[in-house]
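*Asks:* Take a look at this one; I'll ask things after.
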Amino acid sequence: MLTAVTGINWGDEGKGRVVDLLSEHADYVVRYQGGNNAGHTVVTDKGKFVLNLLPSGILHPEVVCVLGNGMVIDPDHLRHEIEMMRYMNVKISPENLKISEKATVCMPFHVRQDVLEEERLSKTGEAFGSTKRGIAYAYGDKYMKKTLRMGDLLYLDSEVIKKRIAMIVESKNLILEKVYGQKPLSVEEVMDWCKGQAEFLKPYITDTGVLLEKAAAEGKDILFEAQLGALRDIDYGIYPYTSSSSTIAAYATIGAGIPKRKPERVVGVMKAYSTCVGEGPFVAEKAADGEWNDKLRKAGNEFGAATGRPRRVGPFDAVASRYGLQCQNAGDIALTKLDVLSSFEKIPVITGYRVNGKLITDFPTNVLLDAAKPEVEMLDGWNCDISYCRNWNDLPENAKKYIERIEELIGHSIYLVSTGAKRDEYLLKE
């Protein structure tokens, strides 16, 4: 079975939690896009794990984890993440971690350029809210053919690779010196950095497409793990305040390295409320007052897993969620962090937008989104702990009504509900 786990909203929906649960029955878990610009947080009996590049399946030692060709990989960050996981007694070796030779390398100068440009834009208030991890510049250079792929690190003695690095350095220096007034790079320092990475990563780099195609042909269970959500997709998201990759399920097998295949099952993950990190229009934060939003942020510990930045928060947005569901074509939906709402007497839900006085129910991805104002419906809260609930009938009546109203608004049933942060705090809705 080929299963994709994807985000319905802006990211931070709790996909890592769902992947961790589904990994119990998976043979392979594959990250197929993005880089270390976002994170998945998983809580187990061994502690709290924050993963930026490694798939959440790495917490299951019998699962083979793959970093696919659709990713951009910062080797420095990956090495640090591997070392941290080993420190926390997580097994990582070339046997259970494979890196696609076709994945793009996020180089130190990509990070440097990202920081410089974001600082330049911030002076005029036009910054995008970048994580400053170099992701957009790595993807940009991928399409301009001015960076390396992970497999190139295996052939640094090749004259072809040496010439390519020299060309890349010459091109980057034009930007660093002429645009930003920075000191130039040298071919030697870039080559030395590459050699250091190659020494550590060589055992992990392979043709993962061949590996996964063989696994698919044998009927193995392959789980595709997305980063961020539909509303951050480069094509379908709130452009230009998006990621630089395709976050939707349709890209899963392409970014994983098996383009002849397609996902047989899509699990869409959405929160019981709305959160967003970074800049761009976010209608949900207009739906409740600052006090309600502050209480929600604290209750949900809503701070970015990769950046630590306070997330922008608001009530559940049915307009945005319907659109995200349409983009992901999810057959199953997991609703996360319902427990965070347990202390609220009244819970707002966004049922529509008003743009220039006109009610709309379709999500706009153009400038109309900036002008949109939320139409809000108030629902009764349940005011009690639900972390013990393991069956639908264990839930308080108002919690059931909240879930059922969400189902009505998005036009789709929900199959899994998380009722707490721990691994076993969830229920399957029958």
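In the structure tokens, chains take letters A, B, ... by order of appearance, with residues numbered from 1 within each chain and ligands from 1 in the order shown.
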Excluding stretch 248-255 of chain A and its own-chain neighbours fewer than 2 positions away, which residues fall within 8 Å of it when counting only C-alpha atoms? Please give them as a JSON list (two decimals) with C-alpha atoms, in the first residue's frame.
*Replies:*
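Written file, part_30.json:
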```json
[["chain", "number", "residue", "atom", "x", "y", "z"],
["A", 4, "ALA", "CA", 0.61, 9.74, 1.65],
["A", 5, "VAL", "CA", 0.22, 11.76, 4.86],
["A", 6, "THR", "CA", -0.28, 15.41, 3.99],
["A", 7, "GLY", "CA", -1.27, 18.71, 5.58],
["A", 32, "TYR", "CA", 9.42, 13.66, -0.57],
["A", 33, "GLN", "CA", 9.79, 17.46, -0.49],
["A", 68, "GLY", "CA", 13.67, 11.55, -1.46],
["A", 69, "ASN", "CA", 14.85, 13.32, -4.59],
["A", 70, "GLY", "CA", 12.26, 16.09, -4.16],
["A", 71, "MET", "CA", 13.98, 17.35, -1.00],
["A", 224, "PHE", "CA", 5.03, 9.25, 2.20],
["A", 226, "ALA", "CA", 4.82, 15.66, 3.60],
["A", 229, "GLY", "CA", 0.47, 21.96, 4.19],
["A", 230, "ALA", "CA", -1.61, 22.63, 1.08],
["A", 233, "ASP", "CA", 2.26, 24.73, -1.71],
["A", 246, "SER", "CA", 5.06, 20.95, -3.82],
["A", 257, "GLY", "CA", 11.63, 8.73, -6.83],
["A", 258, "ILE", "CA", 8.92, 6.38, -8.17],
["A", 259, "PRO", "CA", 7.03, 8.59, -10.67],
["A", 260, "LYS", "CA", 5.28, 5.67, -12.38],
["A", 261, "ARG", "CA", 3.36, 5.06, -9.14],
["A", 262, "LYS", "CA", 0.64, 7.08, -7.41],
["A", 263, "PRO", "CA", -0.63, 7.11, -3.82],
["A", 266, "VAL", "CA", -4.17, 9.83, 1.21],
["A", 327, "CYS", "CA", -5.91, 20.10, -3.12],
["A", 328, "GLN", "CA", -4.89, 16.97, -1.24],
["A", 329, "ASN", "CA", -7.82, 14.77, -2.32]]
```
*Asks:* Could you make a table, as a tab-separated table, of the residues of stretch 142-210 of chain A that have an atom within 12 Å of an atom of stretch 81-86 of chain A, each with its nearest atom pair and distance in Å to one decimal, counting only C-alpha atoms, in chain and number order?
*Replies:*
```
residue	atom	partner	partner_atom	distance
A:Phe200	CA	A:Ile82	CA	11.0
A:Leu201	CA	A:Ile82	CA	10.8
A:Tyr204	CA	A:Ile82	CA	11.9
```
*Asks:* Keeping C-alpha atoms, export the residues of the selection given above as a PDB file, in the first residue's frame.
*Replies:*
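Written file, part.pdb:
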```pdb
ATOM      1  CA  PHE A 200      30.145  11.323   6.664  1.00  0.00           C
ATOM      2  CA  LEU A 201      27.202  10.843   4.273  1.00  0.00           C
ATOM      3  CA  TYR A 204      23.754   6.700   3.178  1.00  0.00           C
TER       4      TYR A 204
END
```
*Asks:* So which residues touch A:Arg232 within 12 Å, counting only C-alpha atoms, skipping near sequence neighbours fewer than 4 positions away, as a PyMOL selection string?
*Replies:* chain A and resi 6-12+34+38+226-228+236-248+276-282+320+324+327+365
*Asks:* What lies within 8 Å of A:Met150 using only C-alpha atoms, ignoring chain neighbours under 2 positions off, as a CSV table (one decimal) with N, CA and C atoms, in the first residue's frame?
*Replies:*
```csv
chain,number,residue,atom,x,y,z
A,99,ILE,N,19.5,8.1,1.6
A,99,ILE,CA,19.4,9.4,1.0
A,99,ILE,C,19.5,9.4,-0.5
A,100,SER,N,18.5,10.0,-1.2
A,100,SER,CA,18.5,9.9,-2.6
A,100,SER,C,19.7,10.6,-3.2
A,101,GLU,N,20.3,10.0,-4.2
A,101,GLU,CA,21.4,10.6,-4.9
A,101,GLU,C,21.0,11.8,-5.7
A,102,LYS,N,19.7,11.9,-6.0
A,102,LYS,CA,19.1,13.0,-6.8
A,102,LYS,C,18.6,14.2,-6.0
A,103,ALA,N,18.6,14.0,-4.6
A,103,ALA,CA,18.2,15.2,-3.8
A,103,ALA,C,19.2,16.3,-3.9
A,104,THR,N,18.7,17.5,-3.8
A,104,THR,CA,19.5,18.7,-4.0
A,104,THR,C,20.2,19.1,-2.7
A,105,VAL,N,21.4,19.5,-2.8
A,105,VAL,CA,22.2,19.9,-1.6
A,105,VAL,C,21.9,21.4,-1.3
A,148,LEU,N,24.6,21.4,-6.4
A,148,LEU,CA,24.9,20.0,-6.5
A,148,LEU,C,23.8,19.2,-6.0
A,152,ASP,N,26.5,13.9,-6.3
A,152,ASP,CA,27.7,14.5,-6.7
A,152,ASP,C,28.8,14.5,-5.7
A,153,LEU,N,28.4,14.4,-4.4
A,153,LEU,CA,29.4,14.3,-3.3
A,153,LEU,C,30.2,13.1,-3.4
A,154,LEU,N,29.7,12.1,-4.1
A,154,LEU,CA,30.5,10.8,-4.2
A,154,LEU,C,31.6,10.9,-5.3
A,205,ILE,N,24.1,7.5,0.9
A,205,ILE,CA,23.6,8.0,-0.4
A,205,ILE,C,23.5,6.8,-1.4
```
*Asks:* Using only C-alpha atoms, which residues sit within 9 Å of A:Leu296 once same-chain residues fewer than 3 positions away are excluded, as an mmCIF file with N, CA and C atoms, in the first residue's frame?
*Replies:*
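Output (out.cif):
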```cif
data_model
loop_
_atom_site.group_PDB
_atom_site.id
_atom_site.type_symbol
_atom_site.label_atom_id
_atom_site.label_comp_id
_atom_site.auth_asym_id
_atom_site.auth_seq_id
_atom_site.Cartn_x
_atom_site.Cartn_y
_atom_site.Cartn_z
ATOM 1 N N TYR A 273 -8.113 23.642 15.272
ATOM 2 C CA TYR A 273 -8.112 25.105 15.182
ATOM 3 C C TYR A 273 -7.062 25.486 14.151
ATOM 4 N N GLU A 291 -7.178 38.178 23.410
ATOM 5 C CA GLU A 291 -7.156 37.382 24.642
ATOM 6 C C GLU A 291 -7.454 35.918 24.349
ATOM 7 N N TRP A 292 -8.465 35.664 23.499
ATOM 8 C CA TRP A 292 -8.816 34.285 23.129
ATOM 9 C C TRP A 292 -7.653 33.638 22.385
ATOM 10 N N ASN A 293 -7.063 34.376 21.455
ATOM 11 C CA ASN A 293 -5.937 33.841 20.681
ATOM 12 C C ASN A 293 -4.729 33.557 21.568
ATOM 13 N N ALA A 299 -2.259 27.338 25.393
ATOM 14 C CA ALA A 299 -2.826 26.003 25.621
ATOM 15 C C ALA A 299 -2.246 24.976 24.660
ATOM 16 N N GLY A 300 -2.013 25.393 23.413
ATOM 17 C CA GLY A 300 -1.494 24.483 22.401
ATOM 18 C C GLY A 300 0.012 24.498 22.272
ATOM 19 N N ASN A 301 0.686 25.336 23.094
ATOM 20 C CA ASN A 301 2.144 25.493 22.989
ATOM 21 C C ASN A 301 2.542 25.740 21.538
ATOM 22 N N GLU A 302 1.903 26.733 20.948
ATOM 23 C CA GLU A 302 2.047 26.967 19.516
ATOM 24 C C GLU A 302 3.261 27.846 19.193
ATOM 25 N N VAL A 313 -2.411 32.282 15.493
ATOM 26 C CA VAL A 313 -3.455 31.301 15.794
ATOM 27 C C VAL A 313 -4.840 31.893 15.569
ATOM 28 N N GLY A 314 -5.817 30.999 15.504
ATOM 29 C CA GLY A 314 -7.212 31.402 15.347
ATOM 30 C C GLY A 314 -8.105 30.186 15.346
ATOM 31 N N PRO A 315 -9.406 30.373 15.227
ATOM 32 C CA PRO A 315 -10.348 29.252 15.226
ATOM 33 C C PRO A 315 -10.221 28.401 13.952
ATOM 34 N N VAL A 340 -6.679 20.652 23.050
ATOM 35 C CA VAL A 340 -6.264 22.036 23.325
ATOM 36 C C VAL A 340 -7.476 22.937 23.574
ATOM 37 N N LEU A 341 -8.613 22.582 23.003
ATOM 38 C CA LEU A 341 -9.818 23.405 23.128
ATOM 39 C C LEU A 341 -10.637 23.089 24.377
ATOM 40 N N PHE A 344 -12.100 25.902 26.844
ATOM 41 C CA PHE A 344 -12.867 27.035 26.313
ATOM 42 C C PHE A 344 -14.371 26.806 26.485
#
```
*Asks:* Using only C-alpha atoms, determine which residues lie at most 10 Å from A:Glu95, disregarding the query and same-chain residues fewer than 4 positions distant; provide the list as an MDAnalysis selection string.
*Replies:* chainID A and resid 61:65 91 203:204
*Asks:* Using only C-alpha atoms, find the one residue out of A:Asp339, A:Ile347, A:Arg17, A:Arg354 that sits nearest to A:Tyr388.
*Replies:* A:Asp339
*Asks:* Can you work out which one of A:Ala284, A:Val90, A:Leu231, A:Cys389 has the shortest atom-to-atom distance to A:Arg322, counting only C-alpha atoms?
*Replies:*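 Checking each candidate against A:Arg322, we get A:Leu231 as the closest.
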*Asks:* Which residue gives the smallest distance to A:Ser130 among A:Tyr155, A:Ile92, A:Leu116, A:Arg149, with only C-alpha atoms counted?
*Replies:*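 Comparing A:Tyr155, A:Ile92, A:Leu116, A:Arg149 against A:Ser130, the winner is A:Leu116.
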*Asks:* Run DSSP on the backbone and tell me which residues of stretch 384-418 of chain A come out as helix (DSSP H, G or I); list them as a list in words.
*Replies:* Trp392, Asn393, Asp394, Glu397, Asn398, Ala399, Lys400, Lys401, Tyr402, Ile403, Glu404, Arg405, Ile406, Glu407, Glu408, Leu409 and Ile410 of chain A
*Asks:* Could you write out that same residue set with C-alpha atoms as a compact mmCIF listing (two decimals), in the first residue's frame?
*Replies:*
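Below is the file result_25.txt, written as the result:
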```
# COMPACT_ATOMS: atom_id res chain seq x y z
CA TRP A 392 -16.00 7.93 20.26
CA ASN A 393 -18.53 7.37 23.04
CA ASP A 394 -15.96 8.45 25.66
CA GLU A 397 -21.34 15.44 23.95
CA ASN A 398 -20.21 18.94 22.98
CA ALA A 399 -16.87 17.61 21.72
CA LYS A 400 -18.78 15.20 19.49
CA LYS A 401 -20.98 18.05 18.26
CA TYR A 402 -17.86 20.12 17.48
CA ILE A 403 -16.37 17.34 15.37
CA GLU A 404 -19.66 16.66 13.61
CA ARG A 405 -20.07 20.35 12.77
CA ILE A 406 -16.59 20.40 11.25
CA GLU A 407 -17.50 17.34 9.19
CA GLU A 408 -20.60 19.15 7.91
CA LEU A 409 -18.63 22.27 7.00
CA ILE A 410 -15.87 20.48 5.08
```
*Asks:* When distances are computed from only C-alpha atoms, which of A:Lys123, A:Leu176, A:Ala334, A:His110 shows the smallest separation from A:His412?
*Replies:*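 Selected residue with least distance to A:His412: A:Ala334.
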*Asks:* Using DSSP on the backbone coordinates, identify all residues within stretch 245-387 of chain A classified as strand (DSSP E); present the result as a PDB file with N, CA and C atoms, in the first residue's frame.
*Replies:*
```
ATOM      1  N   ARG A 265      -3.658   5.668  -1.064  1.00  0.00           N
ATOM      2  CA  ARG A 265      -4.421   6.204   0.059  1.00  0.00           C
ATOM      3  C   ARG A 265      -3.800   7.543   0.461  1.00  0.00           C
ATOM      4  N   VAL A 266      -4.646   8.535   0.738  1.00  0.00           N
ATOM      5  CA  VAL A 266      -4.169   9.831   1.211  1.00  0.00           C
ATOM      6  C   VAL A 266      -4.837  10.140   2.550  1.00  0.00           C
ATOM      7  N   VAL A 267      -4.015  10.368   3.548  1.00  0.00           N
ATOM      8  CA  VAL A 267      -4.501  10.777   4.866  1.00  0.00           C
ATOM      9  C   VAL A 267      -4.210  12.264   5.027  1.00  0.00           C
ATOM     10  N   GLY A 268      -5.250  13.067   5.111  1.00  0.00           N
ATOM     11  CA  GLY A 268      -5.083  14.500   5.301  1.00  0.00           C
ATOM     12  C   GLY A 268      -5.159  14.843   6.781  1.00  0.00           C
ATOM     13  N   VAL A 269      -4.239  15.671   7.235  1.00  0.00           N
ATOM     14  CA  VAL A 269      -4.182  16.022   8.650  1.00  0.00           C
ATOM     15  C   VAL A 269      -4.544  17.499   8.824  1.00  0.00           C
ATOM     16  N   MET A 270      -5.454  17.769   9.758  1.00  0.00           N
ATOM     17  CA  MET A 270      -5.795  19.161  10.055  1.00  0.00           C
ATOM     18  C   MET A 270      -6.023  19.314  11.557  1.00  0.00           C
ATOM     19  N   LYS A 271      -5.709  20.506  12.041  1.00  0.00           N
ATOM     20  CA  LYS A 271      -5.895  20.801  13.457  1.00  0.00           C
ATOM     21  C   LYS A 271      -7.347  21.138  13.754  1.00  0.00           C
ATOM     22  N   SER A 274      -6.811  26.762  13.946  1.00  0.00           N
ATOM     23  CA  SER A 274      -5.905  27.204  12.882  1.00  0.00           C
ATOM     24  C   SER A 274      -4.606  27.768  13.448  1.00  0.00           C
ATOM     25  N   THR A 275      -3.493  27.439  12.803  1.00  0.00           N
ATOM     26  CA  THR A 275      -2.203  28.041  13.152  1.00  0.00           C
ATOM     27  C   THR A 275      -1.411  28.327  11.887  1.00  0.00           C
ATOM     28  N   CYS A 276      -0.504  29.285  12.008  1.00  0.00           N
ATOM     29  CA  CYS A 276       0.283  29.706  10.846  1.00  0.00           C
ATOM     30  C   CYS A 276       1.588  30.327  11.338  1.00  0.00           C
ATOM     31  N   ARG A 312       0.979  32.206  14.654  1.00  0.00           N
ATOM     32  CA  ARG A 312      -0.266  32.956  14.586  1.00  0.00           C
ATOM     33  C   ARG A 312      -1.397  31.932  14.723  1.00  0.00           C
ATOM     34  N   VAL A 313      -2.411  32.282  15.493  1.00  0.00           N
ATOM     35  CA  VAL A 313      -3.455  31.301  15.794  1.00  0.00           C
ATOM     36  C   VAL A 313      -4.840  31.893  15.569  1.00  0.00           C
ATOM     37  N   GLY A 314      -5.817  30.999  15.504  1.00  0.00           N
ATOM     38  CA  GLY A 314      -7.212  31.402  15.347  1.00  0.00           C
ATOM     39  C   GLY A 314      -8.105  30.186  15.346  1.00  0.00           C
ATOM     40  N   PHE A 316     -10.889  27.279  13.974  1.00  0.00           N
ATOM     41  CA  PHE A 316     -10.937  26.411  12.792  1.00  0.00           C
ATOM     42  C   PHE A 316     -11.543  27.175  11.623  1.00  0.00           C
ATOM     43  N   ASP A 317     -10.897  27.071  10.461  1.00  0.00           N
ATOM     44  CA  ASP A 317     -11.325  27.792   9.263  1.00  0.00           C
ATOM     45  C   ASP A 317     -11.842  26.782   8.235  1.00  0.00           C
ATOM     46  N   ASP A 332      -9.027   9.972   3.834  1.00  0.00           N
ATOM     47  CA  ASP A 332      -9.148   9.883   5.287  1.00  0.00           C
ATOM     48  C   ASP A 332      -8.650  11.182   5.901  1.00  0.00           C
ATOM     49  N   ILE A 333      -9.296  11.615   6.979  1.00  0.00           N
ATOM     50  CA  ILE A 333      -8.886  12.847   7.650  1.00  0.00           C
ATOM     51  C   ILE A 333      -8.632  12.563   9.125  1.00  0.00           C
ATOM     52  N   ALA A 334      -7.477  13.048   9.593  1.00  0.00           N
ATOM     53  CA  ALA A 334      -7.139  12.986  11.011  1.00  0.00           C
ATOM     54  C   ALA A 334      -7.249  14.388  11.592  1.00  0.00           C
ATOM     55  N   LEU A 335      -7.989  14.517  12.672  1.00  0.00           N
ATOM     56  CA  LEU A 335      -8.155  15.807  13.352  1.00  0.00           C
ATOM     57  C   LEU A 335      -7.292  15.793  14.607  1.00  0.00           C
ATOM     58  N   THR A 336      -6.360  16.745  14.699  1.00  0.00           N
ATOM     59  CA  THR A 336      -5.405  16.735  15.799  1.00  0.00           C
ATOM     60  C   THR A 336      -5.667  17.856  16.801  1.00  0.00           C
ATOM     61  N   LYS A 346     -16.740  28.785  25.026  1.00  0.00           N
ATOM     62  CA  LYS A 346     -17.291  28.984  23.690  1.00  0.00           C
ATOM     63  C   LYS A 346     -16.161  28.881  22.667  1.00  0.00           C
ATOM     64  N   ILE A 347     -16.452  28.214  21.547  1.00  0.00           N
ATOM     65  CA  ILE A 347     -15.428  28.006  20.524  1.00  0.00           C
ATOM     66  C   ILE A 347     -15.933  28.520  19.180  1.00  0.00           C
ATOM     67  N   PRO A 348     -15.276  29.556  18.627  1.00  0.00           N
ATOM     68  CA  PRO A 348     -15.690  30.058  17.313  1.00  0.00           C
ATOM     69  C   PRO A 348     -15.218  29.145  16.188  1.00  0.00           C
ATOM     70  N   VAL A 349     -15.980  29.100  15.120  1.00  0.00           N
ATOM     71  CA  VAL A 349     -15.615  28.366  13.906  1.00  0.00           C
ATOM     72  C   VAL A 349     -15.911  29.270  12.706  1.00  0.00           C
ATOM     73  N   ILE A 350     -14.989  29.341  11.769  1.00  0.00           N
ATOM     74  CA  ILE A 350     -15.175  30.186  10.586  1.00  0.00           C
ATOM     75  C   ILE A 350     -15.937  29.398   9.524  1.00  0.00           C
ATOM     76  N   THR A 351     -17.079  29.918   9.109  1.00  0.00           N
ATOM     77  CA  THR A 351     -17.930  29.218   8.141  1.00  0.00           C
ATOM     78  C   THR A 351     -17.900  29.849   6.755  1.00  0.00           C
ATOM     79  N   GLY A 352     -17.414  31.079   6.648  1.00  0.00           N
ATOM     80  CA  GLY A 352     -17.367  31.768   5.363  1.00  0.00           C
ATOM     81  C   GLY A 352     -16.518  33.020   5.477  1.00  0.00           C
ATOM     82  N   TYR A 353     -16.278  33.685   4.343  1.00  0.00           N
ATOM     83  CA  TYR A 353     -15.554  34.963   4.309  1.00  0.00           C
ATOM     84  C   TYR A 353     -16.467  36.026   3.704  1.00  0.00           C
ATOM     85  N   ARG A 354     -16.261  37.249   4.136  1.00  0.00           N
ATOM     86  CA  ARG A 354     -16.859  38.395   3.452  1.00  0.00           C
ATOM     87  C   ARG A 354     -15.756  39.207   2.809  1.00  0.00           C
ATOM     88  N   VAL A 355     -15.887  39.421   1.508  1.00  0.00           N
ATOM     89  CA  VAL A 355     -14.937  40.226   0.751  1.00  0.00           C
ATOM     90  C   VAL A 355     -15.696  41.379   0.115  1.00  0.00           C
ATOM     91  N   LYS A 358     -19.416  41.032   0.309  1.00  0.00           N
ATOM     92  CA  LYS A 358     -20.034  39.862  -0.317  1.00  0.00           C
ATOM     93  C   LYS A 358     -19.578  38.584   0.374  1.00  0.00           C
ATOM     94  N   LEU A 359     -20.533  37.709   0.701  1.00  0.00           N
ATOM     95  CA  LEU A 359     -20.217  36.438   1.343  1.00  0.00           C
ATOM     96  C   LEU A 359     -19.679  35.446   0.314  1.00  0.00           C
ATOM     97  N   ILE A 360     -18.527  34.851   0.613  1.00  0.00           N
ATOM     98  CA  ILE A 360     -17.954  33.824  -0.268  1.00  0.00           C
ATOM     99  C   ILE A 360     -17.631  32.590   0.565  1.00  0.00           C
ATOM    100  N   LYS A 373     -12.843  38.949   5.490  1.00  0.00           N
ATOM    101  CA  LYS A 373     -13.204  38.997   6.906  1.00  0.00           C
ATOM    102  C   LYS A 373     -14.001  37.741   7.244  1.00  0.00           C
ATOM    103  N   PRO A 374     -13.728  37.149   8.400  1.00  0.00           N
ATOM    104  CA  PRO A 374     -14.366  35.864   8.714  1.00  0.00           C
ATOM    105  C   PRO A 374     -15.822  35.986   9.150  1.00  0.00           C
ATOM    106  N   GLU A 375     -16.639  35.039   8.694  1.00  0.00           N
ATOM    107  CA  GLU A 375     -17.979  34.839   9.213  1.00  0.00           C
ATOM    108  C   GLU A 375     -17.876  33.745  10.272  1.00  0.00           C
ATOM    109  N   VAL A 376     -18.322  34.024  11.483  1.00  0.00           N
ATOM    110  CA  VAL A 376     -18.063  33.139  12.617  1.00  0.00           C
ATOM    111  C   VAL A 376     -19.349  32.566  13.209  1.00  0.00           C
ATOM    112  N   GLU A 377     -19.288  31.295  13.540  1.00  0.00           N
ATOM    113  CA  GLU A 377     -20.365  30.613  14.255  1.00  0.00           C
ATOM    114  C   GLU A 377     -19.805  30.165  15.609  1.00  0.00           C
ATOM    115  N   MET A 378     -20.543  30.359  16.690  1.00  0.00           N
ATOM    116  CA  MET A 378     -20.069  29.996  18.023  1.00  0.00           C
ATOM    117  C   MET A 378     -20.642  28.643  18.446  1.00  0.00           C
ATOM    118  N   LEU A 379     -19.762  27.787  18.933  1.00  0.00           N
ATOM    119  CA  LEU A 379     -20.167  26.463  19.415  1.00  0.00           C
ATOM    120  C   LEU A 379     -19.843  26.343  20.900  1.00  0.00           C
ATOM    121  N   ASP A 380     -20.567  25.502  21.582  1.00  0.00           N
ATOM    122  CA  ASP A 380     -20.340  25.298  23.013  1.00  0.00           C
ATOM    123  C   ASP A 380     -19.126  24.401  23.238  1.00  0.00           C
TER     124      ASP A 380
END
```
*Asks:* So that I can see what lies close to A:Glu188, please list as a PyMOL selection string the residues with an atom at most 10 Å from it, counting only C-alpha atoms and leaving out residues fewer than 3 positions away in the same chain.
*Replies:* chain A and resi 165-166+169+185+191-194
*Asks:* For the selection you just gave me, I'd like the residues written to a file as a PDB file, in the first residue's frame, keeping C-alpha atoms.
*Replies:*
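Result written to part.pdb:
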```pdb
ATOM      1  CA  ILE A 165      31.741  23.822  -8.489  1.00  0.00           C
ATOM      2  CA  ALA A 166      33.984  26.454 -10.062  1.00  0.00           C
ATOM      3  CA  VAL A 169      31.246  29.753  -7.085  1.00  0.00           C
ATOM      4  CA  LEU A 185      33.639  32.556  -1.831  1.00  0.00           C
ATOM      5  CA  MET A 191      35.311  21.944  -2.099  1.00  0.00           C
ATOM      6  CA  ASP A 192      36.624  21.356   1.431  1.00  0.00           C
ATOM      7  CA  TRP A 193      33.089  21.659   2.804  1.00  0.00           C
ATOM      8  CA  CYS A 194      31.825  19.154   0.227  1.00  0.00           C
TER       9      CYS A 194
END
```
*Asks:* Kindly give the distance, in Å, that separates atom CA of A:Val66 and atom CA of A:Asp114, rounded to a single decimal.
*Replies:* 26.4 Å
